[in-house]
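S.K.: Just so it is clear, I am handing over data22.pdb, which has PDB, C-alpha atoms.
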ATOM      1  CA  GLY Z 246     -37.192 -13.541-114.739  1.00  0.00           C
ATOM      2  CA  GLU Z 247     -35.226 -12.934-111.534  1.00  0.00           C
ATOM      3  CA  ARG Z 248     -36.431 -10.499-108.907  1.00  0.00           C
ATOM      4  CA  VAL Z 249     -34.564  -7.251-108.364  1.00  0.00           C
ATOM      5  CA  THR Z 250     -34.270  -5.862-104.839  1.00  0.00           C
ATOM      6  CA  ILE Z 251     -34.226  -2.057-104.746  1.00  0.00           C
ATOM      7  CA  PRO Z 252     -33.029  -0.832-101.333  1.00  0.00           C
ATOM      8  CA  TYR Z 253     -33.362   2.881-100.636  1.00  0.00           C
ATOM      9  CA  THR Z 254     -33.469   5.421 -97.838  1.00  0.00           C
ATOM     10  CA  LEU Z 255     -35.931   8.266 -97.762  1.00  0.00           C
ATOM     11  CA  GLY Z 256     -36.946  10.841 -95.191  1.00  0.00           C
ATOM     12  CA  GLY Z 257     -40.246  12.623 -94.940  1.00  0.00           C
ATOM     13  CA  ARG Z 258     -43.748  11.767 -95.963  1.00  0.00           C
ATOM     14  CA  GLY Z 259     -45.813  12.293 -99.044  1.00  0.00           C
ATOM     15  CA  GLY Z 260     -47.765  10.212-101.463  1.00  0.00           C
ATOM     16  CA  GLY Z 261     -47.161   9.940-105.153  1.00  0.00           C
ATOM     17  CA  ARG Z 262     -43.586   8.660-105.042  1.00  0.00           C
ATOM     18  CA  GLU Z 263     -42.812   5.278-106.493  1.00  0.00           C
ATOM     19  CA  VAL Z 264     -39.924   2.897-107.103  1.00  0.00           C
ATOM     20  CA  GLY Z 265     -39.666   0.879-110.294  1.00  0.00           C
ATOM     21  CA  ILE Z 266     -37.674  -0.336-113.268  1.00  0.00           C
ATOM     22  CA  PHE Z 267     -37.571   2.079-116.185  1.00  0.00           C
ATOM     23  CA  ALA Z 268     -36.108   2.156-119.685  1.00  0.00           C
ATOM     24  CA  PRO Z 269     -32.845   4.166-120.000  1.00  0.00           C
ATOM     25  CA  ASP Z 270     -34.804   7.141-121.365  1.00  0.00           C
ATOM     26  CA  GLY Z 271     -37.125   7.127-118.322  1.00  0.00           C
ATOM     27  CA  ARG Z 272     -40.126   5.441-119.913  1.00  0.00           C
ATOM     28  CA  ARG Z 273     -41.782   2.676-117.953  1.00  0.00           C
ATOM     29  CA  PRO Z 274     -41.556  -0.637-119.837  1.00  0.00           C
ATOM     30  CA  GLU Z 275     -45.017  -1.855-120.725  1.00  0.00           C
ATOM     31  CA  GLY Z 276     -46.570  -4.241-118.240  1.00  0.00           C
ATOM     32  CA  LEU Z 277     -44.150  -3.494-115.379  1.00  0.00           C
ATOM     33  CA  GLU Z 278     -45.602  -2.515-112.045  1.00  0.00           C
ATOM     34  CA  THR Z 279     -44.032  -0.026-109.678  1.00  0.00           C
ATOM     35  CA  ILE Z 280     -44.246   0.139-105.897  1.00  0.00           C
ATOM     36  CA  PRO Z 281     -45.770   3.254-104.311  1.00  0.00           C
ATOM     37  CA  ILE Z 282     -43.786   4.857-101.491  1.00  0.00           C
ATOM     38  CA  PHE Z 283     -45.636   6.868 -98.847  1.00  0.00           C
ATOM     39  CA  ASP Z 284     -43.030   7.454 -96.146  1.00  0.00           C
ATOM     40  CA  GLY Z 285     -39.461   6.574 -95.201  1.00  0.00           C
ATOM     41  CA  ALA Z 286     -40.501   3.317 -93.499  1.00  0.00           C
ATOM     42  CA  ASP Z 287     -42.506   1.968 -96.425  1.00  0.00           C
ATOM     43  CA  HIS Z 288     -41.078  -0.958 -98.450  1.00  0.00           C
ATOM     44  CA  LEU Z 289     -37.411  -0.249 -97.577  1.00  0.00           C
ATOM     45  CA  ALA Z 290     -36.224  -2.849-100.092  1.00  0.00           C
ATOM     46  CA  PRO Z 291     -39.031  -3.714-102.509  1.00  0.00           C
ATOM     47  CA  ARG Z 292     -38.549  -6.589-104.931  1.00  0.00           C
ATOM     48  CA  LEU Z 293     -39.730  -6.303-108.506  1.00  0.00           C
ATOM     49  CA  GLY Z 294     -39.850  -9.026-111.131  1.00  0.00           C
ATOM     50  CA  THR Z 295     -38.099  -8.870-114.493  1.00  0.00           C
ATOM     51  CA  ALA Z 296     -40.184 -11.487-116.333  1.00  0.00           C
ATOM     52  CA  GLY Z 297     -41.155 -10.159-119.731  1.00  0.00           C
ATOM     53  CA  LEU Z 298     -38.325  -7.627-119.955  1.00  0.00           C
ATOM     54  CA  ASP Z 299     -36.044  -7.967-122.950  1.00  0.00           C
ATOM     55  CA  PRO Z 300     -32.302  -8.215-122.300  1.00  0.00           C
ATOM     56  CA  GLY Z 301     -30.669  -4.806-122.229  1.00  0.00           C
ATOM     57  CA  ARG Z 302     -30.010  -1.733-120.152  1.00  0.00           C
ATOM     58  CA  TYR Z 303     -32.627  -0.316-117.785  1.00  0.00           C
ATOM     59  CA  ARG Z 304     -32.536   1.783-114.668  1.00  0.00           C
ATOM     60  CA  VAL Z 305     -34.127   1.485-111.267  1.00  0.00           C
ATOM     61  CA  ALA Z 306     -35.498   4.786-110.072  1.00  0.00           C
ATOM     62  CA  MET Z 307     -37.523   6.525-107.434  1.00  0.00           C
ATOM     63  CA  THR Z 308     -39.823   9.165-108.868  1.00  0.00           C
ATOM     64  CA  ALA Z 309     -41.722  12.041-107.263  1.00  0.00           C
ATOM     65  CA  ALA Z 310     -45.448  12.652-107.669  1.00  0.00           C
ATOM     66  CA  ASP Z 311     -44.716  14.916-110.652  1.00  0.00           C
ATOM     67  CA  GLY Z 312     -42.713  12.150-112.370  1.00  0.00           C
ATOM     68  CA  SER Z 313     -39.302  13.711-111.757  1.00  0.00           C
ATOM     69  CA  VAL Z 314     -36.498  11.320-110.839  1.00  0.00           C
ATOM     70  CA  LEU Z 315     -35.369  11.575-107.209  1.00  0.00           C
ATOM     71  CA  ALA Z 316     -32.704   8.847-107.448  1.00  0.00           C
ATOM     72  CA  ASP Z 317     -31.679   6.237-109.985  1.00  0.00           C
ATOM     73  CA  ALA Z 318     -29.090   3.573-110.775  1.00  0.00           C
ATOM     74  CA  PRO Z 319     -28.330   1.445-113.860  1.00  0.00           C
ATOM     75  CA  LEU Z 320     -29.643  -2.102-114.202  1.00  0.00           C
ATOM     76  CA  TRP Z 321     -28.875  -4.650-116.922  1.00  0.00           C
ATOM     77  CA  ILE Z 322     -31.126  -7.561-117.767  1.00  0.00           C
ATOM     78  CA  GLN Z 323     -29.276 -10.502-119.288  1.00  0.00           C
ATOM     79  CA  ALA Z 324     -30.663 -13.525-121.099  1.00  0.00           C
ATOM     80  CA  ALA Z 325     -30.606 -16.632-118.912  1.00  0.00           C
ATOM     81  CA  ASP Z 326     -28.169 -18.335-121.304  1.00  0.00           C
ATOM     82  CA  ALA Z 327     -25.898 -15.289-121.795  1.00  0.00           C
ATOM     83  CA  GLN Z 328     -22.172 -16.049-121.811  1.00  0.00           C
ATOM     84  CA  PRO Z 329     -19.588 -13.319-121.164  1.00  0.00           C
ATOM     85  CA  GLU Z 330     -17.647 -12.185-124.236  1.00  0.00           C
ATOM     86  CA  ILE Z 331     -14.711  -9.839-124.754  1.00  0.00           C
ATOM     87  CA  GLU Z 332     -12.892  -8.841-127.930  1.00  0.00           C
ATOM     88  CA  THR Z 333     -10.367  -6.410-129.265  1.00  0.00           C
ATOM     89  CA  THR Z 334     -11.584  -4.335-132.188  1.00  0.00           C
ATOM     90  CA  ALA Z 335      -8.601  -5.387-134.324  1.00  0.00           C
ATOM     91  CA  PRO Z 336      -6.574  -8.612-134.395  1.00  0.00           C
ATOM     92  CA  VAL Z 337      -3.235  -6.794-134.870  1.00  0.00           C
ATOM     93  CA  TYR Z 338      -1.783  -3.641-133.299  1.00  0.00           C
ATOM     94  CA  ALA Z 339       1.552  -1.813-133.648  1.00  0.00           C
ATOM     95  CA  PRO Z 340       3.859  -1.456-130.609  1.00  0.00           C
ATOM     96  CA  GLY Z 341       2.591   1.384-128.419  1.00  0.00           C
ATOM     97  CA  ASP Z 342      -0.845   1.559-130.062  1.00  0.00           C
ATOM     98  CA  PRO Z 343      -3.851   1.800-127.742  1.00  0.00           C
ATOM     99  CA  ILE Z 344      -5.900  -1.413-127.600  1.00  0.00           C
ATOM    100  CA  ASP Z 345      -9.644  -0.987-128.101  1.00  0.00           C
ATOM    101  CA  VAL Z 346     -11.739  -3.530-126.203  1.00  0.00           C
ATOM    102  CA  ARG Z 347     -15.445  -4.222-125.887  1.00  0.00           C
ATOM    103  CA  TRP Z 348     -17.276  -6.745-123.756  1.00  0.00           C
ATOM    104  CA  ARG Z 349     -20.804  -7.889-123.013  1.00  0.00           C
ATOM    105  CA  ASP Z 350     -22.726 -10.169-120.683  1.00  0.00           C
ATOM    106  CA  GLY Z 351     -20.151  -9.777-117.904  1.00  0.00           C
ATOM    107  CA  ARG Z 352     -21.178  -9.966-114.273  1.00  0.00           C
ATOM    108  CA  GLY Z 353     -21.135  -6.209-113.597  1.00  0.00           C
ATOM    109  CA  ASN Z 354     -19.445  -6.485-110.202  1.00  0.00           C
ATOM    110  CA  LYS Z 355     -17.821  -3.270-109.050  1.00  0.00           C
ATOM    111  CA  PRO Z 356     -14.267  -4.751-109.060  1.00  0.00           C
ATOM    112  CA  ASP Z 357     -14.488  -6.763-112.322  1.00  0.00           C
ATOM    113  CA  TRP Z 358     -11.460  -5.836-114.406  1.00  0.00           C
ATOM    114  CA  ILE Z 359      -9.937  -6.157-117.854  1.00  0.00           C
ATOM    115  CA  GLY Z 360      -6.347  -7.313-117.994  1.00  0.00           C
ATOM    116  CA  VAL Z 361      -3.726  -7.809-120.679  1.00  0.00           C
ATOM    117  CA  PHE Z 362      -1.538 -10.911-120.506  1.00  0.00           C
ATOM    118  CA  ASP Z 363       1.342 -12.412-122.474  1.00  0.00           C
ATOM    119  CA  ALA Z 364      -0.332 -15.279-124.358  1.00  0.00           C
ATOM    120  CA  ALA Z 365       2.641 -17.585-123.613  1.00  0.00           C
ATOM    121  CA  ASP Z 366       2.428 -17.062-119.830  1.00  0.00           C
ATOM    122  CA  PRO Z 367      -0.240 -19.233-118.136  1.00  0.00           C
ATOM    123  CA  SER Z 368      -0.106 -17.225-114.873  1.00  0.00           C
ATOM    124  CA  ARG Z 369      -3.009 -14.849-114.400  1.00  0.00           C
ATOM    125  CA  TYR Z 370      -1.068 -13.125-111.659  1.00  0.00           C
ATOM    126  CA  ASP Z 371       1.461 -11.838-114.221  1.00  0.00           C
ATOM    127  CA  TYR Z 372      -0.838  -9.351-115.941  1.00  0.00           C
ATOM    128  CA  LEU Z 373       0.852  -6.581-117.934  1.00  0.00           C
ATOM    129  CA  GLY Z 374      -1.729  -3.979-117.031  1.00  0.00           C
ATOM    130  CA  PHE Z 375      -5.413  -3.581-116.303  1.00  0.00           C
ATOM    131  CA  VAL Z 376      -8.399  -1.276-115.900  1.00  0.00           C
ATOM    132  CA  TYR Z 377     -11.614  -1.809-113.957  1.00  0.00           C
ATOM    133  CA  ALA Z 378     -14.754  -2.397-116.014  1.00  0.00           C
ATOM    134  CA  GLY Z 379     -16.681   0.218-114.038  1.00  0.00           C
ATOM    135  CA  ALA Z 380     -19.346  -2.146-112.644  1.00  0.00           C
ATOM    136  CA  ARG Z 381     -20.714  -2.495-116.185  1.00  0.00           C
ATOM    137  CA  PRO Z 382     -21.665  -5.879-117.614  1.00  0.00           C
ATOM    138  CA  GLU Z 383     -21.180  -4.418-121.100  1.00  0.00           C
ATOM    139  CA  GLY Z 384     -19.121  -1.618-122.521  1.00  0.00           C
ATOM    140  CA  SER Z 385     -15.997  -0.569-124.351  1.00  0.00           C
ATOM    141  CA  LEU Z 386     -12.760   1.118-123.438  1.00  0.00           C
ATOM    142  CA  THR Z 387      -9.290   1.888-124.748  1.00  0.00           C
ATOM    143  CA  LEU Z 388      -6.224   0.499-122.997  1.00  0.00           C
ATOM    144  CA  THR Z 389      -3.400   3.033-123.338  1.00  0.00           C
ATOM    145  CA  ARG Z 390       0.316   2.989-122.501  1.00  0.00           C
ATOM    146  CA  ALA Z 391      -0.615   4.389-119.105  1.00  0.00           C
ATOM    147  CA  ASP Z 392      -2.713   1.241-118.496  1.00  0.00           C
ATOM    148  CA  ILE Z 393      -0.548  -1.498-120.045  1.00  0.00           C
ATOM    149  CA  GLY Z 394       2.819   0.037-120.972  1.00  0.00           C
ATOM    150  CA  LYS Z 395       4.322  -0.420-124.442  1.00  0.00           C
ATOM    151  CA  LEU Z 396       3.691  -3.939-125.667  1.00  0.00           C
ATOM    152  CA  ASP Z 397       6.582  -5.496-127.606  1.00  0.00           C
ATOM    153  CA  PRO Z 398       5.876  -7.553-130.722  1.00  0.00           C
ATOM    154  CA  GLY Z 399       4.220 -10.829-129.758  1.00  0.00           C
ATOM    155  CA  ARG Z 400       0.946 -12.536-128.959  1.00  0.00           C
ATOM    156  CA  TYR Z 401      -1.242 -11.264-126.143  1.00  0.00           C
ATOM    157  CA  GLU Z 402      -4.586 -11.909-124.543  1.00  0.00           C
ATOM    158  CA  VAL Z 403      -7.151  -9.497-123.158  1.00  0.00           C
ATOM    159  CA  ALA Z 404      -9.362 -11.010-120.451  1.00  0.00           C
ATOM    160  CA  LEU Z 405     -12.445 -10.027-118.498  1.00  0.00           C
ATOM    161  CA  MET Z 406     -11.636 -10.940-114.897  1.00  0.00           C
ATOM    162  CA  LEU Z 407     -14.142 -11.628-112.135  1.00  0.00           C
ATOM    163  CA  ASP Z 408     -14.527  -9.626-108.930  1.00  0.00           C
ATOM    164  CA  ASP Z 409     -10.965  -8.365-108.260  1.00  0.00           C
ATOM    165  CA  GLY Z 410      -9.690 -11.928-108.521  1.00  0.00           C
ATOM    166  CA  TYR Z 411      -7.924 -14.059-111.099  1.00  0.00           C
ATOM    167  CA  SER Z 412     -10.843 -15.941-112.624  1.00  0.00           C
ATOM    168  CA  VAL Z 413     -11.143 -15.408-116.375  1.00  0.00           C
ATOM    169  CA  ILE Z 414     -14.764 -15.219-117.522  1.00  0.00           C
ATOM    170  CA  ALA Z 415     -13.968 -14.266-121.148  1.00  0.00           C
ATOM    171  CA  ALA Z 416     -10.800 -13.815-123.213  1.00  0.00           C
ATOM    172  CA  ASP Z 417      -9.635 -12.859-126.717  1.00  0.00           C
ATOM    173  CA  GLY Z 418      -6.246 -12.976-128.357  1.00  0.00           C
ATOM    174  CA  PHE Z 419      -4.466 -10.275-130.354  1.00  0.00           C
ATOM    175  CA  GLU Z 420      -1.039  -9.654-131.790  1.00  0.00           C
ATOM    176  CA  VAL Z 421       1.441  -6.781-131.693  1.00  0.00           C
ATOM    177  CA  ARG Z 422       3.798  -6.518-134.660  1.00  0.00           C
TER     178      ARG Z 422
END
Please express the file's structure as structure tokens.
M.R.:
Amino acid sequence: GERVTIPYTLGGRGGGREVGIFAPDGRRPEGLETIPIFDGADHLAPRLGTAGLDPGRYRVAMTAADGSVLADAPLWIQAADAQPEIETTAPVYAPGDPIDVRWRDGRGNKPDWIGVFDAADPSRYDYLGFVYAGARPEGSLTLTRADIGKLDPGRYEVALMLDDGYSVIAADGFEVR
């Protein structure tokens, strides 16, 4: 139900262009209005509502008169009560194995990151390795030796961290043996 601001820059004139929220495959979700763009000074940051859109992945896009996409960017709609989650795809790994992780309902900030921590160490500053989440509120990735080194047998935690800081927004435990 929140509004989405879509800033853009555009030179030239010409009717038929529009800015809107589209499904990942380019279809316009039913009932959603777009904003027509006539020249580079028109609606430089239009706001569109998301009421009625189901949670999931969309994209904001500017289209030409012929329907072709001139520019686009991903957009995720989350349920109002969504809570961030992260998990490893297995509870136990062998030393040196890559760790498969998936998360959802994160914040999607550009510098959100996924870190691995020794479960016995309460300090979030002492991470064993990390990767950025790629400005995605949901996704999956594999943490390799290059990312986290070789984990010795023990208990560990993988955590989704907020905005290049040390705030944990979701965590899951796993074991290496």
S.K.: How would you write, as a list in words, the residues chosen by the PyMOL selection byres ((chain Z and resi 300) around 7) on this structure?
M.R.: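 When the PyMOL selection byres ((chain Z and resi 300) around 7) is applied to the shown file, the picked residues are Leu298, Asp299, Gly301, Ile322, Gln323 and Ala324 of chain Z.
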S.K.: For C-alpha atoms, I'd like the residues from the last selection saved as a compact mmCIF listing (two decimals), in the frame of the given file.
M.R.:
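Here's the written file out.txt:
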# COMPACT_ATOMS: atom_id res chain seq x y z
CA LEU Z 298 -38.33 -7.63 -119.96
CA ASP Z 299 -36.04 -7.97 -122.95
CA GLY Z 301 -30.67 -4.81 -122.23
CA ILE Z 322 -31.13 -7.56 -117.77
CA GLN Z 323 -29.28 -10.50 -119.29
CA ALA Z 324 -30.66 -13.52 -121.10
S.K.: Could you tell me which of Z:Gly312, Z:Gly297, Z:Gly261, Z:Gly418 comes closest to Val346 (chain Z) if we count only C-alpha atoms?
M.R.: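 For Val346 (chain Z), the nearest of the given residues is Z:Gly418.
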S.K.: Point out the residue among Z:Phe362, Z:Trp321, Z:Tyr370, Z:Tyr303 with the least atom-to-atom distance to Asp270 (chain Z), counting only C-alpha atoms.
M.R.: Z:Tyr303
S.K.: With distances taken over all atoms listed in the file, which residue among Z:Arg349, Z:Arg262, Z:Lys355, Z:Arg400 lies nearest Ala378 (chain Z)?
M.R.: Z:Lys355
S.K.: May I ask for the distance between CA of Ile331 (chain Z) and CA of Val249 (chain Z), given in Å to one decimal place?
M.R.: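 Taking CA of Ile331 (chain Z) and CA of Val249 (chain Z), their separation equals 25.9 Å.
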S.K.: From the set Z:Trp358, Z:Phe283, Z:Tyr411, Z:Tyr401, which residue has the shortest atom-to-atom contact distance to Pro340 (chain Z), counting only C-alpha atoms?
M.R.: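 Ranking Z:Trp358, Z:Phe283, Z:Tyr411, Z:Tyr401 by distance to Pro340 (chain Z), first place goes to Z:Tyr401.
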S.K.: How many Å separate CA of Pro356 (chain Z) from CA of Gly410 (chain Z)?
M.R.: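 These atoms are spaced 8.5 Å apart.
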S.K.: Using CA of Gly351 (chain Z) and CA of Glu263 (chain Z) as the two end points, give the distance in Å to one decimal.
M.R.: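 Between CA of Gly351 (chain Z) and CA of Glu263 (chain Z) the gap is 29.5 Å.
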S.K.: Could you list the residues chosen by the PyMOL selection byres ((chain Z and resi 315) around 12) in this structure as a ChimeraX atom specification?
M.R.: /Z:253-255,262-265,305-314,316-318
S.K.: Residues within 9 Å of Ala296 (chain Z), please, as a list in words. Count all atoms listed in the file; anything in the same chain fewer than 3 positions from it doesn't count.
M.R.: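 Selected residues are Gly246, Glu247, Arg248, Leu277 and Asp299 of chain Z.
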S.K.: Rank nothing, just name the residue among Z:Asp408, Z:Ile251, Z:Ile266, Z:Asp417 nearest to Ala335 (chain Z), using only C-alpha atoms.
M.R.: Z:Asp417
